[in-house]
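> Sharing my_file-v3.csv (CSV, C-alpha atoms) below.
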chain,number,residue,atom,x,y,z
A,1,MET,CA,189.6,71.0,139.1
A,2,SER,CA,187.8,67.8,139.7
A,3,ILE,CA,187.8,65.8,142.9
A,4,THR,CA,189.6,62.5,142.8
A,5,HIS,CA,189.2,61.2,146.3
A,6,HIS,CA,185.6,60.6,147.3
A,7,LEU,CA,183.7,59.4,150.3
A,8,GLY,CA,182.8,55.7,150.6
A,9,GLU,CA,179.4,54.4,149.9
A,10,GLU,CA,179.1,53.5,153.5
A,11,GLN,CA,179.5,57.1,154.8
A,12,LEU,CA,177.2,58.5,152.1
A,13,LEU,CA,174.5,56.0,153.0
A,14,ALA,CA,174.9,56.7,156.7
A,15,HIS,CA,174.4,60.4,156.0
A,16,ALA,CA,171.4,59.9,153.8
A,17,SER,CA,169.7,57.5,156.1
A,18,GLY,CA,170.3,59.6,159.2
A,19,ALA,CA,172.4,57.0,161.0
A,20,ALA,CA,175.6,59.0,160.9
A,21,ASP,CA,176.6,61.0,163.9
A,22,GLU,CA,176.9,64.7,163.8
A,23,ALA,CA,180.6,64.8,163.2
A,24,VAL,CA,180.5,62.4,160.3
A,25,SER,CA,177.5,64.2,158.8
A,26,LEU,CA,179.4,67.5,159.0
A,27,ILE,CA,182.3,66.2,157.0
A,28,VAL,CA,180.1,64.3,154.5
A,29,ALA,CA,177.9,67.4,154.0
A,30,THR,CA,180.8,69.7,153.6
A,31,HIS,CA,182.3,67.3,151.0
A,32,LEU,CA,178.9,67.2,149.2
A,33,ALA,CA,179.0,71.0,148.9
A,34,LEU,CA,182.2,70.6,146.9
A,35,CYS,CA,181.4,67.4,145.0
A,36,PRO,CA,178.5,67.2,142.6
A,37,GLN,CA,179.2,63.5,142.0
A,38,CYS,CA,178.7,62.4,145.6
A,39,ARG,CA,175.8,64.8,145.9
A,40,GLY,CA,174.0,62.9,143.1
A,41,LYS,CA,174.7,59.6,144.9
A,42,VAL,CA,173.2,60.9,148.1
A,43,ALA,CA,170.1,62.3,146.3
A,44,LYS,CA,169.5,58.7,145.0
A,45,MET,CA,170.0,57.3,148.5
A,46,GLU,CA,167.5,59.8,149.8
A,47,SER,CA,165.0,58.7,147.1
A,48,LEU,CA,165.5,55.2,148.5
A,49,GLY,CA,164.5,56.6,151.9
A,50,GLY,CA,161.4,58.1,150.2
A,51,ALA,CA,160.5,54.7,148.7
A,52,ILE,CA,161.0,53.0,152.1
A,53,LEU,CA,158.8,55.6,153.8
A,54,SER,CA,156.1,55.0,151.1
A,55,ASP,CA,156.2,51.2,151.6
A,56,ILE,CA,156.4,51.2,155.4
A,57,GLN,CA,153.6,49.7,157.5
A,58,PRO,CA,151.5,52.7,158.4
A,59,GLU,CA,150.6,53.2,162.1
A,60,GLN,CA,147.1,54.4,163.0
A,61,VAL,CA,147.2,58.1,163.9
A,62,SER,CA,144.5,59.3,166.4
A,63,ASP,CA,141.4,61.1,165.0
A,64,SER,CA,142.2,64.3,166.8
A,65,ALA,CA,145.7,64.5,165.2
A,66,LEU,CA,144.7,66.0,161.9
A,67,ARG,CA,142.4,68.5,163.6
A,68,SER,CA,145.1,69.5,166.0
A,69,VAL,CA,147.6,70.1,163.2
A,70,MET,CA,145.2,71.9,161.0
A,71,ALA,CA,144.4,74.3,163.9
A,72,ARG,CA,148.1,75.1,164.3
A,73,LEU,CA,148.8,75.8,160.6
A,74,ASP,CA,148.0,79.5,160.9
A,75,SER,CA,150.4,80.1,163.8
A,76,ALA,CA,153.2,78.1,162.1
A,77,PRO,CA,155.6,80.7,160.5
A,78,ALA,CA,156.3,79.9,156.9
A,79,GLU,CA,159.9,79.5,155.8
A,80,LYS,CA,160.7,81.2,152.5
A,81,PRO,CA,163.5,80.2,150.2
A,82,VAL,CA,166.5,82.5,150.8
A,83,SER,CA,168.4,83.8,147.8
A,84,ARG,CA,172.0,83.9,148.6
A,85,ALA,CA,172.8,85.8,145.4
A,86,ALA,CA,173.4,88.9,147.6
A,87,LEU,CA,176.2,87.2,149.3
A,88,ALA,CA,178.8,88.0,146.6
A,89,LYS,CA,181.7,87.2,148.9
A,90,PRO,CA,183.6,84.2,147.6
A,91,PHE,CA,183.5,82.0,150.7
A,92,VAL,CA,186.2,79.4,151.2
A,93,ALA,CA,184.3,77.3,153.7
A,94,PRO,CA,181.0,76.1,152.3
A,95,GLU,CA,177.9,75.3,154.3
A,96,PRO,CA,177.3,73.5,156.6
A,97,LEU,CA,180.9,74.1,157.9
A,98,ARG,CA,180.5,77.9,157.7
A,99,SER,CA,177.7,77.8,160.3
A,100,TYR,CA,179.8,75.8,162.7
A,101,LEU,CA,182.6,78.4,162.4
A,102,GLY,CA,180.3,81.3,162.6
A,103,GLY,CA,181.8,82.7,159.4
A,104,ASP,CA,184.5,81.9,156.9
A,105,LEU,CA,188.0,80.5,157.5
A,106,ASP,CA,189.5,84.0,157.9
A,107,ARG,CA,187.6,84.3,161.2
A,108,VAL,CA,189.1,81.2,162.8
A,109,ARG,CA,191.2,81.7,165.9
A,110,TRP,CA,194.0,79.1,165.6
A,111,THR,CA,195.8,77.4,168.5
A,112,PRO,CA,199.4,76.6,167.6
A,113,VAL,CA,200.4,73.0,168.5
A,114,GLY,CA,203.7,72.5,166.8
A,115,PRO,CA,206.1,73.9,164.2
A,116,GLY,CA,203.9,75.2,161.4
A,117,ILE,CA,200.8,73.4,162.7
A,118,SER,CA,197.7,74.9,164.4
A,119,TYR,CA,194.3,73.7,165.1
A,120,LYS,CA,190.8,74.7,166.0
A,121,PRO,CA,188.5,72.3,167.8
A,122,LEU,CA,184.9,72.5,166.7
A,123,PHE,CA,183.0,70.0,168.8
A,124,ARG,CA,183.1,66.6,170.4
A,125,ARG,CA,180.2,64.1,170.7
A,126,GLY,CA,181.1,61.0,172.6
A,127,GLN,CA,184.2,59.6,170.9
A,128,ALA,CA,183.8,61.6,167.7
A,129,ARG,CA,185.6,64.9,167.3
A,130,ALA,CA,185.6,67.5,164.6
A,131,GLN,CA,188.4,70.0,164.2
A,132,LEU,CA,190.2,72.2,161.7
A,133,ILE,CA,193.9,71.6,161.3
A,134,ARG,CA,196.2,74.2,159.5
A,135,SER,CA,199.6,73.3,158.2
A,136,ARG,CA,201.8,76.0,156.8
A,137,ALA,CA,202.9,75.4,153.2
A,138,GLY,CA,205.6,72.8,153.0
A,139,ARG,CA,205.2,71.7,156.6
A,140,GLY,CA,203.7,68.5,157.9
A,141,VAL,CA,202.3,66.6,160.8
A,142,GLY,CA,204.6,63.9,162.2
A,143,MET,CA,204.4,60.3,161.3
A,144,HIS,CA,201.3,58.9,163.0
A,145,THR,CA,198.6,56.3,162.8
A,146,HIS,CA,195.0,56.2,164.2
A,147,ASP,CA,193.3,54.2,166.8
A,148,GLY,CA,190.0,54.5,164.9
A,149,GLU,CA,188.7,55.9,161.7
A,150,GLU,CA,189.6,59.4,160.6
A,151,PHE,CA,188.3,61.5,157.7
A,152,THR,CA,190.1,64.5,156.4
A,153,LEU,CA,188.7,67.0,153.9
A,154,VAL,CA,190.9,69.5,152.2
A,155,LEU,CA,189.6,73.1,152.3
A,156,THR,CA,192.7,75.0,151.1
A,157,GLY,CA,196.0,74.0,149.6
A,158,GLY,CA,196.9,70.4,149.4
A,159,PHE,CA,198.8,67.6,151.0
A,160,THR,CA,200.6,64.4,150.0
A,161,ASP,CA,201.2,61.2,151.9
A,162,THR,CA,201.9,57.6,151.1
A,163,THR,CA,198.2,57.2,149.9
A,164,GLY,CA,198.2,60.0,147.4
A,165,HIS,CA,197.9,63.7,146.7
A,166,TYR,CA,194.9,65.6,148.1
A,167,LEU,CA,193.5,68.9,146.9
A,168,ARG,CA,190.4,71.0,147.8
A,169,GLY,CA,187.3,68.9,148.1
A,170,ASP,CA,189.3,65.6,148.3
A,171,LEU,CA,188.5,63.4,151.2
A,172,GLN,CA,190.9,61.0,152.8
A,173,SER,CA,189.7,58.1,155.0
A,174,THR,CA,192.3,56.5,157.2
A,175,ASP,CA,192.2,53.7,159.8
A,176,PRO,CA,194.6,52.0,162.1
A,177,SER,CA,196.3,50.2,159.2
A,178,ILE,CA,197.6,53.5,157.7
A,179,LEU,CA,200.8,55.0,159.0
A,180,HIS,CA,201.4,58.3,157.4
A,181,ARG,CA,203.2,61.6,157.5
A,182,PRO,CA,201.0,64.1,155.6
A,183,LEU,CA,203.1,66.9,154.1
A,184,ALA,CA,201.4,70.2,152.9
A,185,ASP,CA,202.1,71.3,149.4
A,186,GLU,CA,204.3,74.3,148.8
A,187,GLY,CA,202.8,77.7,147.9
A,188,GLU,CA,199.7,77.7,150.1
A,189,ASP,CA,198.7,76.8,153.7
A,190,CYS,CA,196.8,73.6,153.9
A,191,ILE,CA,193.6,73.7,156.0
A,192,VAL,CA,191.7,70.6,156.5
A,193,LEU,CA,188.5,69.5,158.3
A,194,ALA,CA,189.3,66.4,160.3
A,195,VAL,CA,186.8,64.1,162.0
A,196,SER,CA,187.9,61.1,164.0
A,197,ASP,CA,186.6,58.7,166.5
A,198,ALA,CA,189.9,58.2,168.4
A,199,PRO,CA,193.1,60.2,169.1
A,200,LEU,CA,196.0,60.2,166.8
A,201,LYS,CA,198.9,57.9,167.7
A,202,PHE,CA,202.3,59.4,167.1
A,203,GLN,CA,205.4,57.4,166.4
A,204,SER,CA,208.0,59.6,168.1
A,205,ARG,CA,207.8,60.9,171.7
A,206,ALA,CA,208.7,64.4,170.5
A,207,VAL,CA,205.5,64.8,168.6
A,208,GLY,CA,203.5,62.9,171.2
A,209,LEU,CA,202.5,66.3,172.5
A,210,LEU,CA,200.5,66.9,169.3
A,211,GLY,CA,198.5,63.8,170.0
A,212,LYS,CA,197.7,65.0,173.5
A,213,ILE,CA,196.5,68.3,172.3
A,214,PHE,CA,194.5,67.0,169.4
A,215,ARG,CA,192.7,64.8,171.9
A,216,PHE,CA,191.1,68.0,173.5
B,1,MET,CA,141.5,56.5,154.6
B,2,ILE,CA,145.1,55.2,154.5
B,3,GLN,CA,145.2,53.6,151.1
B,4,PRO,CA,148.5,54.4,149.2
B,5,GLU,CA,148.5,57.2,146.8
B,6,ALA,CA,150.3,57.2,143.5
B,7,PRO,CA,153.6,59.2,143.6
B,8,VAL,CA,152.5,61.5,140.8
B,9,LYS,CA,149.4,62.4,142.9
B,10,LEU,CA,151.5,63.0,146.0
B,11,ASN,CA,153.8,65.3,144.1
B,12,ALA,CA,150.8,67.3,142.8
B,13,LEU,CA,149.4,67.6,146.4
B,14,MET,CA,152.7,68.7,147.7
B,15,LEU,CA,153.0,71.4,144.9
B,16,ALA,CA,149.5,72.6,145.7
B,17,VAL,CA,150.5,73.1,149.3
B,18,ALA,CA,153.8,74.8,148.2
B,19,GLN,CA,152.2,77.1,145.7
B,20,THR,CA,148.8,78.0,147.1
B,21,GLN,CA,148.8,76.8,150.7
B,22,ASP,CA,146.0,74.4,149.7
B,23,ARG,CA,144.6,73.0,153.0
B,24,ALA,CA,142.6,70.2,151.4
B,25,ALA,CA,145.8,69.0,149.7
B,26,PHE,CA,147.6,69.2,153.0
B,27,ALA,CA,144.9,67.1,154.7
B,28,ALA,CA,145.3,64.5,151.9
B,29,LEU,CA,149.1,64.5,152.4
B,30,PHE,CA,148.5,64.2,156.2
B,31,ALA,CA,146.2,61.1,155.7
B,32,HIS,CA,148.9,59.5,153.5
B,33,PHE,CA,152.1,60.5,155.3
B,34,ALA,CA,151.3,61.0,159.0
B,35,PRO,CA,150.7,57.2,159.6
B,36,ARG,CA,153.8,56.4,157.6
B,37,ILE,CA,156.0,58.8,159.5
B,38,LYS,CA,154.7,57.4,162.7
B,39,GLY,CA,155.5,53.9,161.5
B,40,TYR,CA,159.0,55.0,160.5
B,41,LEU,CA,159.7,56.5,163.9
B,42,MET,CA,158.4,53.5,165.7
B,43,LYS,CA,160.5,51.2,163.6
B,44,LEU,CA,163.5,53.3,164.8
B,45,GLY,CA,162.5,52.7,168.4
B,46,ALA,CA,160.2,55.6,169.3
B,47,GLY,CA,157.2,54.8,171.5
B,48,ALA,CA,153.7,55.2,170.0
B,49,ALA,CA,152.9,58.4,171.8
B,50,LEU,CA,156.2,60.1,171.0
B,51,ALA,CA,156.0,58.9,167.4
B,52,GLU,CA,152.6,60.4,167.0
B,53,ASP,CA,153.6,63.7,168.5
B,54,LEU,CA,156.7,63.8,166.2
B,55,ALA,CA,154.6,62.8,163.1
B,56,GLN,CA,152.4,65.8,163.9
B,57,GLU,CA,155.5,68.0,164.2
B,58,ALA,CA,156.8,66.6,160.9
B,59,MET,CA,153.5,67.5,159.2
B,60,LEU,CA,153.7,71.0,160.6
B,61,THR,CA,157.2,71.3,159.3
B,62,ILE,CA,156.1,70.2,155.9
B,63,TRP,CA,153.5,73.0,155.9
B,64,ARG,CA,156.0,75.6,157.1
B,65,LYS,CA,158.8,74.6,154.7
B,66,ALA,CA,156.5,73.8,151.7
B,67,ALA,CA,157.9,76.8,149.7
B,68,LEU,CA,161.3,75.0,149.8
B,69,PHE,CA,159.9,71.9,148.1
B,70,ASP,CA,161.5,71.7,144.7
B,71,PRO,CA,160.0,68.9,142.5
B,72,ALA,CA,163.1,69.1,140.2
B,73,ARG,CA,165.2,67.9,143.1
B,74,ALA,CA,163.1,65.3,144.9
B,75,SER,CA,159.7,63.6,144.9
B,76,ALA,CA,157.3,64.5,147.6
B,77,ALA,CA,158.0,61.1,149.4
B,78,THR,CA,161.7,61.7,149.3
B,79,TRP,CA,161.4,65.3,150.5
B,80,ILE,CA,159.1,64.3,153.3
B,81,PHE,CA,161.5,61.4,154.3
B,82,THR,CA,164.3,64.0,154.7
B,83,ILE,CA,162.0,66.1,157.0
B,84,ALA,CA,161.1,63.1,159.1
B,85,ARG,CA,164.7,62.0,159.3
B,86,ASN,CA,166.0,65.4,160.4
B,87,LEU,CA,163.3,65.8,162.9
B,88,ARG,CA,164.1,62.5,164.5
B,89,ILE,CA,167.8,63.4,164.7
B,90,ASP,CA,166.9,66.8,166.3
B,91,ALA,CA,164.2,65.6,168.7
B,92,ILE,CA,165.3,62.1,169.7
B,93,ARG,CA,169.1,62.2,169.2
B,94,ARG,CA,169.3,65.9,170.2
B,95,GLU,CA,172.0,66.5,167.6
B,96,ARG,CA,172.2,69.0,164.8
B,97,ARG,CA,171.8,67.7,161.3
B,98,PRO,CA,174.4,69.4,159.2
B,99,ASP,CA,173.6,69.6,155.5
B,100,PHE,CA,174.8,71.6,152.5
B,101,ASP,CA,172.8,74.6,151.3
B,102,PRO,CA,171.9,74.4,147.6
B,103,ASN,CA,171.9,78.2,147.4
B,104,ASP,CA,175.4,78.6,149.0
B,105,PRO,CA,177.7,80.6,146.7
B,106,ALA,CA,180.5,78.3,147.8
B,107,LEU,CA,178.7,75.2,146.6
B,108,VAL,CA,180.3,73.7,143.5
B,109,PRO,CA,177.4,73.5,141.0
B,110,ASP,CA,176.3,70.3,139.2
B,111,GLU,CA,178.4,69.8,136.0
B,112,GLU,CA,175.4,69.3,133.7
B,113,PRO,CA,172.6,71.7,134.9
B,114,SER,CA,170.0,69.1,135.4
B,115,ALA,CA,168.6,68.7,131.9
B,116,ASP,CA,167.7,65.1,132.8
B,117,SER,CA,166.8,65.7,136.5
B,118,VAL,CA,163.4,67.3,135.8
B,119,LEU,CA,162.5,64.5,133.5
B,120,MET,CA,163.8,62.0,136.0
B,121,ARG,CA,161.9,63.0,139.1
B,122,GLU,CA,158.3,62.4,137.7
B,123,ASP,CA,158.7,58.7,137.6
B,124,ASP,CA,161.6,58.4,140.0
B,125,ASP,CA,159.7,56.6,142.7
B,126,ASP,CA,158.3,54.0,140.2
B,127,LYS,CA,161.8,53.4,138.8
B,128,LEU,CA,163.2,53.0,142.3
B,129,ARG,CA,160.6,50.5,143.3
B,130,ALA,CA,161.3,48.5,140.1
B,131,ALA,CA,165.0,48.7,140.9
B,132,MET,CA,164.4,47.5,144.4
B,133,THR,CA,162.4,44.5,143.4
B,134,ALA,CA,165.3,43.5,141.1
B,135,LEU,CA,167.7,43.4,144.2
B,136,SER,CA,168.4,40.2,146.0
B,137,PRO,CA,166.6,39.7,149.4
B,138,GLU,CA,170.0,40.0,151.1
B,139,GLN,CA,170.7,43.4,149.4
B,140,VAL,CA,167.2,44.7,150.4
B,141,GLN,CA,167.8,43.6,153.9
B,142,VAL,CA,171.0,45.5,154.4
B,143,ILE,CA,169.5,48.6,152.8
B,144,GLN,CA,166.5,48.5,155.1
B,145,MET,CA,168.7,47.9,158.1
B,146,SER,CA,170.7,51.0,157.2
B,147,PHE,CA,167.5,53.1,157.2
B,148,PHE,CA,165.9,51.6,160.3
B,149,ALA,CA,168.8,51.7,162.7
B,150,ASP,CA,171.2,54.2,164.2
B,151,LYS,CA,173.8,51.6,163.8
B,152,PRO,CA,177.2,51.5,162.2
B,153,HIS,CA,177.5,48.9,159.5
B,154,SER,CA,179.8,46.9,161.9
B,155,GLN,CA,176.8,46.3,164.1
B,156,ILE,CA,174.6,45.3,161.2
B,157,ALA,CA,177.3,42.8,160.2
B,158,SER,CA,177.4,41.3,163.7
B,159,GLU,CA,173.6,41.0,163.9
B,160,LEU,CA,173.6,39.2,160.6
B,161,GLY,CA,176.6,37.1,161.5
B,162,LEU,CA,178.5,38.4,158.4
B,163,PRO,CA,181.9,39.8,157.9
B,164,LEU,CA,181.9,43.6,157.7
B,165,GLY,CA,183.3,43.4,154.2
B,166,THR,CA,180.4,41.4,153.1
B,167,VAL,CA,177.9,43.9,154.4
B,168,LYS,CA,179.8,46.8,152.8
B,169,SER,CA,180.0,45.0,149.4
B,170,ARG,CA,176.3,44.1,149.5
B,171,LEU,CA,175.4,47.8,150.1
B,172,ARG,CA,177.8,49.0,147.4
B,173,LEU,CA,176.5,46.5,144.8
B,174,ALA,CA,172.9,47.3,145.7
B,175,MET,CA,173.5,51.0,145.2
B,176,VAL,CA,175.3,50.5,141.9
B,177,ARG,CA,172.3,48.4,140.7
B,178,ILE,CA,169.9,51.0,141.8
B,179,ARG,CA,171.8,53.8,140.1
B,180,VAL,CA,172.1,51.9,136.9
B,181,ALA,CA,168.4,51.1,137.0
B,182,MET,CA,167.6,54.7,137.5
B,183,GLY,CA,169.6,55.7,134.5
B,184,GLY,CA,172.4,57.4,136.4
B,185,GLU,CA,176.0,56.7,136.4
B,186,SER,CA,177.1,53.7,138.3
Re-express the file's structure as structure tokens.

Amino acid sequence: MSITHHLGEEQLLAHASGAADEAVSLIVATHLALCPQCRGKVAKMESLGGAILSDIQPEQVSDSALRSVMARLDSAPAEKPVSRAALAKPFVAPEPLRSYLGGDLDRVRWTPVGPGISYKPLFRRGQARAQLIRSRAGRGVGMHTHDGEEFTLVLTGGFTDTTGHYLRGDLQSTDPSILHRPLADEGEDCIVLAVSDAPLKFQSRAVGLLGKIFRF
Amino acid sequence: MIQPEAPVKLNALMLAVAQTQDRAAFAALFAHFAPRIKGYLMKLGAGAALAEDLAQEAMLTIWRKAALFDPARASAATWIFTIARNLRIDAIRRERRPDFDPNDPALVPDEEPSADSVLMREDDDDKLRAAMTALSPEQVQVIQMSFFADKPHSQIASELGLPLGTVKSRLRLAMVRIRVAMGGES
């Protein structure tokens, strides 16, 4: 299975440079765990950061700084590489998402918000929110658009809308120009990680409730 | 004291710290990187005193995490950049810095197990510099602004008086040229 919907250069660079906020970095990094191609791109962007750091105008550091750091080396606990080979369990949620959930997807406590749809808010920073959304197989979220940008990463199952078909690891970017009605594939529940900087805007009043709840 | 060191030398110093906790090598890394980390943090808006404190913290982190340094994955300068970047997010922005874990069993491994990557890293930094000198000044400018500002690209666009699409396409083209110059896929 190979990923066909990737992140834009812009988000990858924002993650590599450190400019991205936490919610965007969470979805970028979770996509990177599933996508060797984007991982390679980010590694090169980080090399760019290394080159920029090397060429930067150095600022004089006080004479005591080195002595002070050398004196603290012994009390600085060393970090050893951890082998995860012992963790034989086939996790569905990769890091860093798993740390945010405190475990794998089977530990998530879902809140139902509509027929076949539940969600799990993760965190909110300013306007940006990160949440998991689960759609039962064959069900969907009503026709909606977005006030801002939204990124959706498929973790299980798949979904289809007017822009294409998305499977595990695929990342969809939407903005206010996209009006869609994502429909989960048959056969398996579709769980996605969604990050957005504004609430969803639903077309019909009946599903407007979903919008209110997703706003949390 | 602060003359630039060759990337190969810096990698060797970093390895000496990683493998034998070599204090002289660490002091040499400090002389090279602490003033640069301070410069990086000040460029991003930190005051001199805070930047110096955090540069010291970054050097301590480098010592503590040295065993995690993997020369097959990144050069010393690149690895140290990521430490300084993460420390800034943590200490100044007070946010977590989510990242993937290369040892995570759920991680989808690289398709071709890095036959070229080990070969690549040694002269990575030199290749990158050469690639950057081949970029247009406008491309270099948007890349530097991306690294020195907590700004969305829309803000970079408005500062430069350019349409957002122009900034995005400059960045995209710059990255394609860099990847081609480094021998990777476009």
> Mind listing as a list in words which residues of chain B are within 6 Å of chain A, counting all atoms listed in the file?
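Therefore, the residues near the partner are Pro35, Arg36, Lys38, Gly39, Arg64, Lys65, Ala67, Leu68, Ala77, Thr78, Phe81, Pro98, Asp99, Phe100, Asp101, Asn103, Ala106, Leu107, Val108, Asp110, Phe147 and Asp150 of chain B.
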> Name the residues in contact with Val142 of chain B at a cut-off of 9 Å, using all atoms listed in the file, excluding same-chain residues fewer than 3 positions from it; report them as a PyMOL selection string.
chain B and resi 137-139+145-147+153+156-157+167+170-171
> Segment 7-24 of chain B: which residues within 8 Å, counting all atoms listed in the file, same-chain residues fewer than 3 positions away excluded, as a list of chain:residue names?
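Selected residues are B:Ala27, B:Ala28, B:Leu29, B:Trp63, B:Ala66, B:Ala67, B:Leu68, B:Phe69, B:Pro71, B:Ser75, B:Ala76, B:Ala77, B:Glu122, B:Asp123, B:Asp125, B:Asp126.
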> Might you pull out every residue within 9 Å of Ala137 of chain A, with only C-alpha atoms counted and same-chain residues fewer than 5 positions away left off, and present them as a PyMOL selection string?
chain A and resi 116+157-158+183-190
> So the first atom is atom CA of Pro112 of chain A and the second is atom CA of Val141 of chain A; what is the distance between them in Å, to one decimal place?
12.4 Å
> Point out the residue among A:Asp63, A:Arg107, A:Phe123, A:Tyr166 with the least atom-to-atom distance to Ala34 of chain B, counting all atoms listed in the file.
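Counting all atoms listed in the file, the residue closest to Ala34 of chain B is A:Asp63.
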> Counting all atoms listed in the file, figure out which residue out of A:Ile133, A:Ala128, A:Met143, A:Ile3 gets nearest to Val108 of chain A.
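The shortest atom-to-atom distance to Val108 of chain A comes from A:Ile133.
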> Work out how far apart atom CA of Gln155 of chain B and atom CA of Leu12 of chain A are and give it in Å to one decimal.
17.1 Å
> Would you kindly return, as a PDB file with C-alpha atoms, in the frame of the given file, each protein, DNA or RNA residue with an atom no farther than 9 Å from any atom of Glu150 of chain A, considering only C-alpha atoms and excluding same-chain residues fewer than 5 positions away?

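Written output follows (around-v2.pdb):
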ATOM      1  CA  GLN A 172     190.900  61.000 152.800  1.00  0.00           C
ATOM      2  CA  SER A 173     189.700  58.100 155.000  1.00  0.00           C
ATOM      3  CA  THR A 174     192.300  56.500 157.200  1.00  0.00           C
ATOM      4  CA  ASP A 175     192.200  53.700 159.800  1.00  0.00           C
ATOM      5  CA  ALA A 194     189.300  66.400 160.300  1.00  0.00           C
ATOM      6  CA  VAL A 195     186.800  64.100 162.000  1.00  0.00           C
ATOM      7  CA  SER A 196     187.900  61.100 164.000  1.00  0.00           C
ATOM      8  CA  ASP A 197     186.600  58.700 166.500  1.00  0.00           C
ATOM      9  CA  ALA A 198     189.900  58.200 168.400  1.00  0.00           C
ATOM     10  CA  LEU A 200     196.000  60.200 166.800  1.00  0.00           C
TER      11      LEU A 200
END
> Between atom CA of Thr82 of chain B and atom CA of Leu162 of chain B, what is the distance in Å, rounded to a tenth?
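Those two atoms sit 29.5 Å apart.
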